[in-house]
$ cat start23.pdb   # PDB, C-alpha atoms and all ligand atoms
ATOM      1  CA  MET A 131     -17.815  56.724 -33.566
ATOM      2  CA  PHE A 132     -19.119  58.988 -36.382
ATOM      3  CA  ILE A 133     -18.637  58.871 -40.131
ATOM      4  CA  ASP A 134     -18.984  61.756 -42.558
ATOM      5  CA  THR A 135     -19.678  60.082 -45.899
ATOM      6  CA  HIS A 136     -19.611  63.311 -47.901
ATOM      7  CA  VAL A 137     -17.176  66.110 -47.143
ATOM      8  CA  HIS A 138     -15.312  68.476 -49.467
ATOM      9  CA  LEU A 139     -12.006  68.830 -47.641
ATOM     10  CA  ASN A 140     -10.771  69.362 -51.202
ATOM     11  CA  ASN A 141     -12.695  72.656 -51.406
ATOM     12  CA  PRO A 142     -10.647  75.869 -51.054
ATOM     13  CA  GLN A 143     -12.992  77.090 -48.289
ATOM     14  CA  LEU A 144     -11.868  74.228 -46.037
ATOM     15  CA  GLU A 145      -8.278  73.971 -47.270
ATOM     16  CA  ALA A 146      -7.448  77.295 -45.641
ATOM     17  CA  ASN A 147      -7.940  75.933 -42.083
ATOM     18  CA  PHE A 148      -7.378  72.303 -42.941
ATOM     19  CA  GLU A 149      -5.620  71.070 -39.767
ATOM     20  CA  GLN A 150      -8.134  72.818 -37.527
ATOM     21  CA  VAL A 151     -11.101  71.408 -39.452
ATOM     22  CA  ILE A 152      -9.697  67.860 -39.201
ATOM     23  CA  ASN A 153      -8.765  68.152 -35.530
ATOM     24  CA  ASP A 154     -12.157  69.551 -34.548
ATOM     25  CA  ALA A 155     -13.780  66.537 -36.230
ATOM     26  CA  LEU A 156     -11.483  63.976 -34.588
ATOM     27  CA  MET A 157     -12.097  65.634 -31.187
ATOM     28  CA  VAL A 158     -15.866  65.033 -31.322
ATOM     29  CA  GLY A 159     -15.406  61.403 -32.380
ATOM     30  CA  VAL A 160     -15.509  61.476 -36.178
ATOM     31  CA  GLU A 161     -13.608  58.315 -37.169
ATOM     32  CA  LYS A 162     -13.783  58.349 -40.942
ATOM     33  CA  MET A 163     -14.398  60.886 -43.664
ATOM     34  CA  ILE A 164     -15.074  60.322 -47.341
ATOM     35  CA  VAL A 165     -13.728  63.241 -49.367
ATOM     36  CA  VAL A 166     -15.820  63.581 -52.512
ATOM     37  CA  GLY A 167     -14.492  64.983 -55.792
ATOM     38  CA  TYR A 168     -16.541  67.154 -58.142
ATOM     39  CA  ASP A 169     -14.108  67.748 -61.016
ATOM     40  CA  LEU A 170     -10.728  66.359 -62.061
ATOM     41  CA  GLU A 171      -8.671  68.628 -59.800
ATOM     42  CA  THR A 172     -10.718  67.993 -56.650
ATOM     43  CA  SER A 173     -10.834  64.259 -57.399
ATOM     44  CA  LYS A 174      -7.017  64.230 -57.521
ATOM     45  CA  LYS A 175      -6.949  66.196 -54.294
ATOM     46  CA  ALA A 176      -9.331  63.713 -52.645
ATOM     47  CA  VAL A 177      -6.992  60.843 -53.547
ATOM     48  CA  GLU A 178      -3.974  62.775 -52.230
ATOM     49  CA  LEU A 179      -5.712  63.335 -48.899
ATOM     50  CA  ALA A 180      -6.716  59.669 -48.689
ATOM     51  CA  ASN A 181      -3.101  58.664 -49.270
ATOM     52  CA  GLN A 182      -1.964  61.068 -46.576
ATOM     53  CA  TYR A 183      -4.439  60.285 -43.767
ATOM     54  CA  ASP A 184      -5.584  56.836 -42.521
ATOM     55  CA  PHE A 185      -9.061  58.064 -41.670
ATOM     56  CA  ILE A 186      -9.754  59.655 -45.066
ATOM     57  CA  TYR A 187     -11.148  57.803 -48.087
ATOM     58  CA  ALA A 188     -11.866  59.268 -51.508
ATOM     59  CA  ALA A 189     -14.674  59.323 -54.044
ATOM     60  CA  VAL A 190     -13.825  60.557 -57.522
ATOM     61  CA  GLY A 191     -16.183  61.926 -60.135
ATOM     62  CA  PHE A 192     -17.424  64.817 -62.206
ATOM     63  CA  HIS A 193     -20.369  66.829 -60.898
ATOM     64  CA  PRO A 194     -22.975  67.627 -63.590
ATOM     65  CA  THR A 195     -22.177  71.349 -63.608
ATOM     66  CA  GLU A 196     -18.390  70.799 -63.979
ATOM     67  CA  ILE A 197     -18.195  68.713 -67.158
ATOM     68  CA  LYS A 198     -18.381  71.478 -69.760
ATOM     69  CA  ASN A 199     -15.167  70.978 -71.733
ATOM     70  CA  TYR A 200     -14.245  67.514 -70.548
ATOM     71  CA  THR A 201     -12.920  65.137 -73.199
ATOM     72  CA  ASP A 202     -11.800  61.498 -73.244
ATOM     73  CA  ASP A 203      -8.612  62.648 -71.519
ATOM     74  CA  GLU A 204     -10.386  63.670 -68.332
ATOM     75  CA  TYR A 205     -12.377  60.443 -68.263
ATOM     76  CA  GLN A 206      -9.204  58.372 -68.705
ATOM     77  CA  ASN A 207      -7.662  60.227 -65.792
ATOM     78  CA  LEU A 208     -10.797  59.585 -63.771
ATOM     79  CA  GLU A 209     -10.530  55.859 -64.417
ATOM     80  CA  LEU A 210      -6.895  55.852 -63.284
ATOM     81  CA  LEU A 211      -7.818  57.690 -60.091
ATOM     82  CA  ALA A 212     -10.778  55.399 -59.447
ATOM     83  CA  SER A 213      -8.474  52.382 -59.565
ATOM     84  CA  MET A 214      -6.368  53.633 -56.631
ATOM     85  CA  PRO A 215      -6.580  51.655 -53.363
ATOM     86  CA  LYS A 216      -8.473  54.085 -51.130
ATOM     87  CA  VAL A 217     -10.991  55.248 -53.724
ATOM     88  CA  VAL A 218     -14.255  53.734 -52.515
ATOM     89  CA  ALA A 219     -16.837  55.274 -54.870
ATOM     90  CA  ILE A 220     -17.559  57.169 -58.076
ATOM     91  CA  GLY A 221     -19.037  60.545 -57.174
ATOM     92  CA  GLU A 222     -20.418  62.930 -57.017
ATOM     93  CA  VAL A 223     -22.267  62.404 -60.284
ATOM     94  CA  GLY A 224     -25.839  62.944 -61.451
ATOM     95  CA  PHE A 225     -28.052  65.827 -62.514
ATOM     96  CA  ASP A 226     -28.294  69.454 -61.444
ATOM     97  CA  PHE A 227     -30.855  71.654 -63.196
ATOM     98  CA  HIS A 228     -30.622  74.466 -60.689
ATOM     99  CA  TRP A 229     -27.651  75.909 -62.598
ATOM    100  CA  ASP A 230     -27.400  76.207 -66.367
ATOM    101  CA  THR A 231     -23.651  75.918 -67.016
ATOM    102  CA  THR A 232     -24.273  72.613 -68.830
ATOM    103  CA  THR A 233     -27.170  71.286 -70.898
ATOM    104  CA  LYS A 234     -29.386  68.356 -70.028
ATOM    105  CA  GLU A 235     -27.807  66.330 -72.836
ATOM    106  CA  GLU A 236     -24.276  67.053 -71.605
ATOM    107  CA  GLN A 237     -25.240  66.069 -68.086
ATOM    108  CA  LEU A 238     -26.884  62.856 -69.236
ATOM    109  CA  THR A 239     -23.861  61.810 -71.305
ATOM    110  CA  ALA A 240     -21.465  62.471 -68.419
ATOM    111  CA  PHE A 241     -23.704  60.695 -65.921
ATOM    112  CA  VAL A 242     -24.149  57.566 -68.018
ATOM    113  CA  ARG A 243     -20.452  57.427 -68.769
ATOM    114  CA  GLN A 244     -19.679  57.483 -65.043
ATOM    115  CA  ILE A 245     -22.359  54.905 -64.193
ATOM    116  CA  GLU A 246     -20.688  52.626 -66.731
ATOM    117  CA  LEU A 247     -17.293  53.293 -65.153
ATOM    118  CA  ALA A 248     -18.658  52.446 -61.695
ATOM    119  CA  LYS A 249     -20.005  49.135 -63.015
ATOM    120  CA  LYS A 250     -16.747  48.348 -64.808
ATOM    121  CA  LEU A 251     -14.702  48.936 -61.643
ATOM    122  CA  LYS A 252     -17.398  47.543 -59.309
ATOM    123  CA  LEU A 253     -17.519  50.728 -57.264
ATOM    124  CA  PRO A 254     -20.679  52.195 -55.709
ATOM    125  CA  LEU A 255     -22.004  55.575 -56.863
ATOM    126  CA  ILE A 256     -22.524  58.790 -54.898
ATOM    127  CA  ILE A 257     -25.429  60.538 -56.587
ATOM    128  CA  HIS A 258     -26.101  64.265 -56.710
ATOM    129  CA  SER A 259     -29.644  65.112 -57.821
ATOM    130  CA  ARG A 260     -31.028  68.627 -57.806
ATOM    131  CA  ASP A 261     -34.333  69.540 -59.431
ATOM    132  CA  ALA A 262     -34.169  66.197 -61.231
ATOM    133  CA  HIS A 263     -35.747  63.500 -59.046
ATOM    134  CA  GLN A 264     -37.588  61.601 -61.773
ATOM    135  CA  LEU A 265     -34.848  61.733 -64.400
ATOM    136  CA  THR A 266     -32.187  60.659 -61.880
ATOM    137  CA  PHE A 267     -34.273  57.662 -60.919
ATOM    138  CA  GLU A 268     -35.020  56.682 -64.519
ATOM    139  CA  THR A 269     -31.394  57.016 -65.573
ATOM    140  CA  LEU A 270     -30.093  54.872 -62.709
ATOM    141  CA  LYS A 271     -32.735  52.268 -63.436
ATOM    142  CA  LYS A 272     -32.193  52.218 -67.192
ATOM    143  CA  HIS A 273     -28.433  51.807 -66.811
ATOM    144  CA  ASN A 274     -28.641  49.088 -64.145
ATOM    145  CA  ALA A 275     -26.982  51.068 -61.387
ATOM    146  CA  SER A 276     -28.447  48.531 -58.958
ATOM    147  CA  LYS A 277     -25.448  46.362 -59.857
ATOM    148  CA  VAL A 278     -23.274  48.684 -57.757
ATOM    149  CA  GLY A 279     -25.719  50.717 -55.634
ATOM    150  CA  GLY A 280     -24.350  53.520 -53.502
ATOM    151  CA  ILE A 281     -25.595  56.627 -51.745
ATOM    152  CA  MET A 282     -28.257  59.178 -52.710
ATOM    153  CA  HIS A 283     -26.383  62.236 -51.486
ATOM    154  CA  SER A 284     -28.406  64.647 -49.320
ATOM    155  CA  TYR A 285     -31.580  62.824 -50.284
ATOM    156  CA  SER A 286     -34.449  65.248 -50.788
ATOM    157  CA  GLY A 287     -37.029  63.071 -52.542
ATOM    158  CA  SER A 288     -40.188  61.418 -51.249
ATOM    159  CA  VAL A 289     -40.502  58.417 -48.953
ATOM    160  CA  GLU A 290     -42.040  56.417 -51.829
ATOM    161  CA  MET A 291     -39.100  57.077 -54.111
ATOM    162  CA  ALA A 292     -36.683  56.337 -51.249
ATOM    163  CA  LYS A 293     -38.166  52.852 -51.046
ATOM    164  CA  GLU A 294     -37.567  52.371 -54.765
ATOM    165  CA  TYR A 295     -33.929  53.371 -54.289
ATOM    166  CA  LEU A 296     -33.493  50.815 -51.510
ATOM    167  CA  LYS A 297     -34.595  48.128 -53.953
ATOM    168  CA  MET A 298     -31.802  49.325 -56.256
ATOM    169  CA  HIS A 299     -29.240  48.936 -53.442
ATOM    170  CA  PHE A 300     -28.928  52.618 -52.695
ATOM    171  CA  CYS A 301     -28.773  54.071 -49.181
ATOM    172  CA  LEU A 302     -29.857  57.601 -48.306
ATOM    173  CA  GLY A 303     -27.410  60.330 -47.310
ATOM    174  CA  ILE A 304     -28.866  62.416 -44.468
ATOM    175  CA  SER A 305     -27.409  65.904 -44.141
ATOM    176  CA  GLY A 306     -27.861  69.327 -42.500
ATOM    177  CA  PRO A 307     -31.452  69.943 -43.710
ATOM    178  CA  VAL A 308     -32.626  67.183 -41.317
ATOM    179  CA  THR A 309     -31.970  69.716 -38.537
ATOM    180  CA  PHE A 310     -33.831  72.590 -40.243
ATOM    181  CA  LYS A 311     -37.263  73.718 -39.095
ATOM    182  CA  ASN A 312     -38.407  73.463 -42.715
ATOM    183  CA  GLY A 313     -36.623  70.114 -43.190
ATOM    184  CA  LYS A 314     -39.814  68.100 -42.875
ATOM    185  CA  ASN A 315     -39.134  66.113 -46.025
ATOM    186  CA  MET A 316     -35.837  64.705 -44.806
ATOM    187  CA  LYS A 317     -37.210  64.182 -41.291
ATOM    188  CA  ASP A 318     -40.072  62.123 -42.751
ATOM    189  CA  VAL A 319     -37.606  59.993 -44.706
ATOM    190  CA  VAL A 320     -35.528  59.286 -41.586
ATOM    191  CA  LYS A 321     -38.659  58.325 -39.644
ATOM    192  CA  ALA A 322     -40.037  56.075 -42.373
ATOM    193  CA  ILE A 323     -36.900  54.294 -43.572
ATOM    194  CA  ASP A 324     -35.106  51.533 -41.641
ATOM    195  CA  ALA A 325     -31.846  52.659 -39.998
ATOM    196  CA  LYS A 326     -30.095  49.976 -42.066
ATOM    197  CA  TYR A 327     -30.370  52.263 -45.081
ATOM    198  CA  LEU A 328     -29.338  55.637 -43.688
ATOM    199  CA  VAL A 329     -25.891  57.248 -43.608
ATOM    200  CA  SER A 330     -24.706  60.602 -42.236
ATOM    201  CA  GLU A 331     -22.963  63.324 -44.222
ATOM    202  CA  THR A 332     -22.192  67.026 -43.859
ATOM    203  CA  ASP A 333     -21.457  68.105 -47.475
ATOM    204  CA  SER A 334     -19.065  70.612 -45.863
ATOM    205  CA  PRO A 335     -18.434  73.473 -46.501
ATOM    206  CA  TYR A 336     -22.119  73.589 -47.557
ATOM    207  CA  LEU A 337     -25.450  72.713 -45.872
ATOM    208  CA  THR A 338     -24.473  73.725 -42.330
ATOM    209  CA  PRO A 339     -26.882  72.223 -39.771
ATOM    210  CA  GLU A 340     -28.732  74.119 -37.048
ATOM    211  CA  PRO A 341     -27.763  75.929 -34.870
ATOM    212  CA  TYR A 342     -24.852  77.054 -37.064
ATOM    213  CA  ARG A 343     -26.677  77.884 -40.312
ATOM    214  CA  GLY A 344     -24.905  80.709 -42.108
ATOM    215  CA  GLN A 345     -21.423  79.575 -41.010
ATOM    216  CA  ILE A 346     -18.990  77.426 -42.995
ATOM    217  CA  ASN A 347     -19.798  73.763 -42.357
ATOM    218  CA  GLY A 348     -17.203  71.267 -41.102
ATOM    219  CA  PRO A 349     -17.126  67.475 -40.592
ATOM    220  CA  LYS A 350     -17.380  67.915 -36.794
ATOM    221  CA  ASN A 351     -21.041  68.860 -37.374
ATOM    222  CA  VAL A 352     -21.881  65.310 -38.463
ATOM    223  CA  LEU A 353     -22.503  64.788 -34.745
ATOM    224  CA  LEU A 354     -25.499  67.160 -34.909
ATOM    225  CA  ILE A 355     -26.931  65.222 -37.833
ATOM    226  CA  VAL A 356     -26.558  61.810 -36.166
ATOM    227  CA  GLU A 357     -28.083  63.278 -32.998
ATOM    228  CA  GLU A 358     -31.157  64.412 -34.924
ATOM    229  CA  MET A 359     -31.407  61.085 -36.772
ATOM    230  CA  ALA A 360     -31.300  59.181 -33.458
ATOM    231  CA  LYS A 361     -33.975  61.442 -32.016
ATOM    232  CA  LEU A 362     -36.266  60.915 -35.009
ATOM    233  CA  LYS A 363     -35.792  57.137 -34.851
ATOM    234  CA  GLY A 364     -36.184  57.013 -31.079
ATOM    235  CA  ILE A 365     -32.871  55.213 -30.542
ATOM    236  CA  SER A 366     -29.632  56.198 -28.799
ATOM    237  CA  ILE A 367     -26.927  58.154 -30.583
ATOM    238  CA  SER A 368     -24.512  55.243 -30.234
ATOM    239  CA  GLU A 369     -27.028  52.828 -31.729
ATOM    240  CA  MET A 370     -27.619  55.189 -34.652
ATOM    241  CA  ALA A 371     -23.871  55.636 -35.120
ATOM    242  CA  GLN A 372     -23.338  51.855 -35.089
ATOM    243  CA  ASN A 373     -26.011  51.392 -37.752
ATOM    244  CA  ILE A 374     -24.311  53.996 -39.917
ATOM    245  CA  LYS A 375     -20.921  52.309 -39.494
ATOM    246  CA  ASP A 376     -22.364  48.964 -40.583
ATOM    247  CA  ASN A 377     -24.138  50.549 -43.549
ATOM    248  CA  VAL A 378     -21.037  52.379 -44.754
ATOM    249  CA  LYS A 379     -18.985  49.188 -44.552
ATOM    250  CA  ARG A 380     -21.624  47.313 -46.533
ATOM    251  CA  ILE A 381     -21.827  50.037 -49.215
ATOM    252  CA  PHE A 382     -18.113  50.591 -49.756
ATOM    253  CA  GLY A 383     -16.970  46.975 -49.322
ATOM    254  CA  ASP A 384     -13.409  45.712 -49.582
ATOM    255  CA  LYS A 385     -11.583  48.969 -50.281
ATOM    256  CA  TYR A 386     -12.929  50.431 -47.037
ATOM    257  CA  GLU A 387     -11.760  49.129 -43.663
TER     258      GLU A 387
HETATM  259 ZN    ZN B 401     -21.085  67.421 -52.382
END
$ encode --input "start23.pdb" --output "structure tokens"
Amino acid sequence: MFIDTHVHLNNPQLEANFEQVINDALMVGVEKMIVVGYDLETSKKAVELANQYDFIYAAVGFHPTEIKNYTDDEYQNLELLASMPKVVAIGEVGFDFHWDTTTKEEQLTAFVRQIELAKKLKLPLIIHSRDAHQLTFETLKKHNASKVGGIMHSYSGSVEMAKEYLKMHFCLGISGPVTFKNGKNMKDVVKAIDAKYLVSETDSPYLTPEPYRGQINGPKNVLLIVEEMAKLKGISISEMAQNIKDNVKRIFGDKYE
């Protein structure tokens, strides 16, 4: 019934209790999980997991803070991985100016390179944007990312900008903050935007929803996010979940069943 479109089962924090984490999710009705890479190693791991489990799909990509010494080699490997059958997206890619491990120029080069790869392989993008709303938008627009669209991961921008993203064929990833008392921004987006453009994600092991803030997040908690989304939209949980299923299918297309 539920889909977690953004989970880091490839992160060491979740690898330790892997079977338990998976089983807990299946028990509450999570049907599909998209494991998202953030560097070359975790992208490989995402593909391995997708090959191993029916209900797992992979996204491969280099997160803006992880690209420091990457050369053509890493990008060639990324292209090979992205061509595998169960790889449904390029991600997570984008900008992150909260940390300073990489410069703005390095991040821009890596981002554009991966947007071009997504267009070449006709794969949607999963976008990470932190402290960079305007530049993320401008970069996606300038490089015609609307050709592939994708998901704005854990969308934290305004309702106005959300509407601009919809025009560019992006959907909005709704995550744990929608359950927070101070999560007004994300709540407003869910209320204002048609359910046809919203998807659910946990970003586990990060962004744990209420009432479990402070604990390690797991894909089973996607239920709490869909519950809150349904409440905000004034529809049933099953109706919200069905919308999300349809949206995910539309975004990921043929490589996702
Ligand atoms: Zn993530």
$ residues_near_ligand --input "start23.pdb" --ligand "ligand ZN 401 (chain B)" --cutoff "10 Å" --atoms "all atoms listed in the file" --output "list in words"
Thr135, His136, Val137, His138, Asn141, Val165, Val166, Gly167, Tyr168, His193, Gly221, Glu222, Val223, Ile256, Ile257, His258, His283, Ser284, Glu331, Thr332, Asp333, Ser334, Pro335, Tyr336 and Leu337 of chain A
$ write_last_selection --input "start23.pdb" --atoms "C-alpha atoms" --output "PDB file, in the coordinates of the input"
ATOM      1  CA  THR A 135     -19.678  60.082 -45.899  1.00  0.00           C
ATOM      2  CA  HIS A 136     -19.611  63.311 -47.901  1.00  0.00           C
ATOM      3  CA  VAL A 137     -17.176  66.110 -47.143  1.00  0.00           C
ATOM      4  CA  HIS A 138     -15.312  68.476 -49.467  1.00  0.00           C
ATOM      5  CA  ASN A 141     -12.695  72.656 -51.406  1.00  0.00           C
ATOM      6  CA  VAL A 165     -13.728  63.241 -49.367  1.00  0.00           C
ATOM      7  CA  VAL A 166     -15.820  63.581 -52.512  1.00  0.00           C
ATOM      8  CA  GLY A 167     -14.492  64.983 -55.792  1.00  0.00           C
ATOM      9  CA  TYR A 168     -16.541  67.154 -58.142  1.00  0.00           C
ATOM     10  CA  HIS A 193     -20.369  66.829 -60.898  1.00  0.00           C
ATOM     11  CA  GLY A 221     -19.037  60.545 -57.174  1.00  0.00           C
ATOM     12  CA  GLU A 222     -20.418  62.930 -57.017  1.00  0.00           C
ATOM     13  CA  VAL A 223     -22.267  62.404 -60.284  1.00  0.00           C
ATOM     14  CA  ILE A 256     -22.524  58.790 -54.898  1.00  0.00           C
ATOM     15  CA  ILE A 257     -25.429  60.538 -56.587  1.00  0.00           C
ATOM     16  CA  HIS A 258     -26.101  64.265 -56.710  1.00  0.00           C
ATOM     17  CA  HIS A 283     -26.383  62.236 -51.486  1.00  0.00           C
ATOM     18  CA  SER A 284     -28.406  64.647 -49.320  1.00  0.00           C
ATOM     19  CA  GLU A 331     -22.963  63.324 -44.222  1.00  0.00           C
ATOM     20  CA  THR A 332     -22.192  67.026 -43.859  1.00  0.00           C
ATOM     21  CA  ASP A 333     -21.457  68.105 -47.475  1.00  0.00           C
ATOM     22  CA  SER A 334     -19.065  70.612 -45.863  1.00  0.00           C
ATOM     23  CA  PRO A 335     -18.434  73.473 -46.501  1.00  0.00           C
ATOM     24  CA  TYR A 336     -22.119  73.589 -47.557  1.00  0.00           C
ATOM     25  CA  LEU A 337     -25.450  72.713 -45.872  1.00  0.00           C
TER      26      LEU A 337
END
$ atom_distance --input "start23.pdb" --atom1 "atom CA of A:Phe185" --atom2 "atom CA of A:Ile355"
19.6 Å
$ residues_around --input "start23.pdb" --residues "A:Pro194" --least-positions-apart "6" --cutoff "7 Å" --atoms "all atoms listed in the file" --output "PyMOL selection string"
chain A and resi 223-226+237
$ closest_residue --input "start23.pdb" --among "A:Ala292, A:Glu236, A:Thr195, A:Lys249" --to "A:His263" --atoms "only C-alpha atoms"
A:Ala292
$ closest_residue --input "start23.pdb" --among "A:Gly306, A:Lys198, A:Leu247, A:Val352" --to "A:Thr231" --atoms "all atoms listed in the file"
A:Lys198
$ atom_distance --input "start23.pdb" --atom1 "atom CA of A:Lys216" --atom2 "atom CA of A:Tyr386"
7.1 Å
$ resolve_selection --input "start23.pdb" --expression "the PyMOL selection byres (((chain A and resi 133) around 10) and not hetatm)" --output "ChimeraX atom specification"
/A:131-132,134-136,155,159-164,185,329-332,349-350,352-353,356,371-372,374-375,378
$ atom_distance --input "start23.pdb" --atom1 "atom CA of A:Pro215" --atom2 "atom CA of A:Tyr187"
9.3 Å
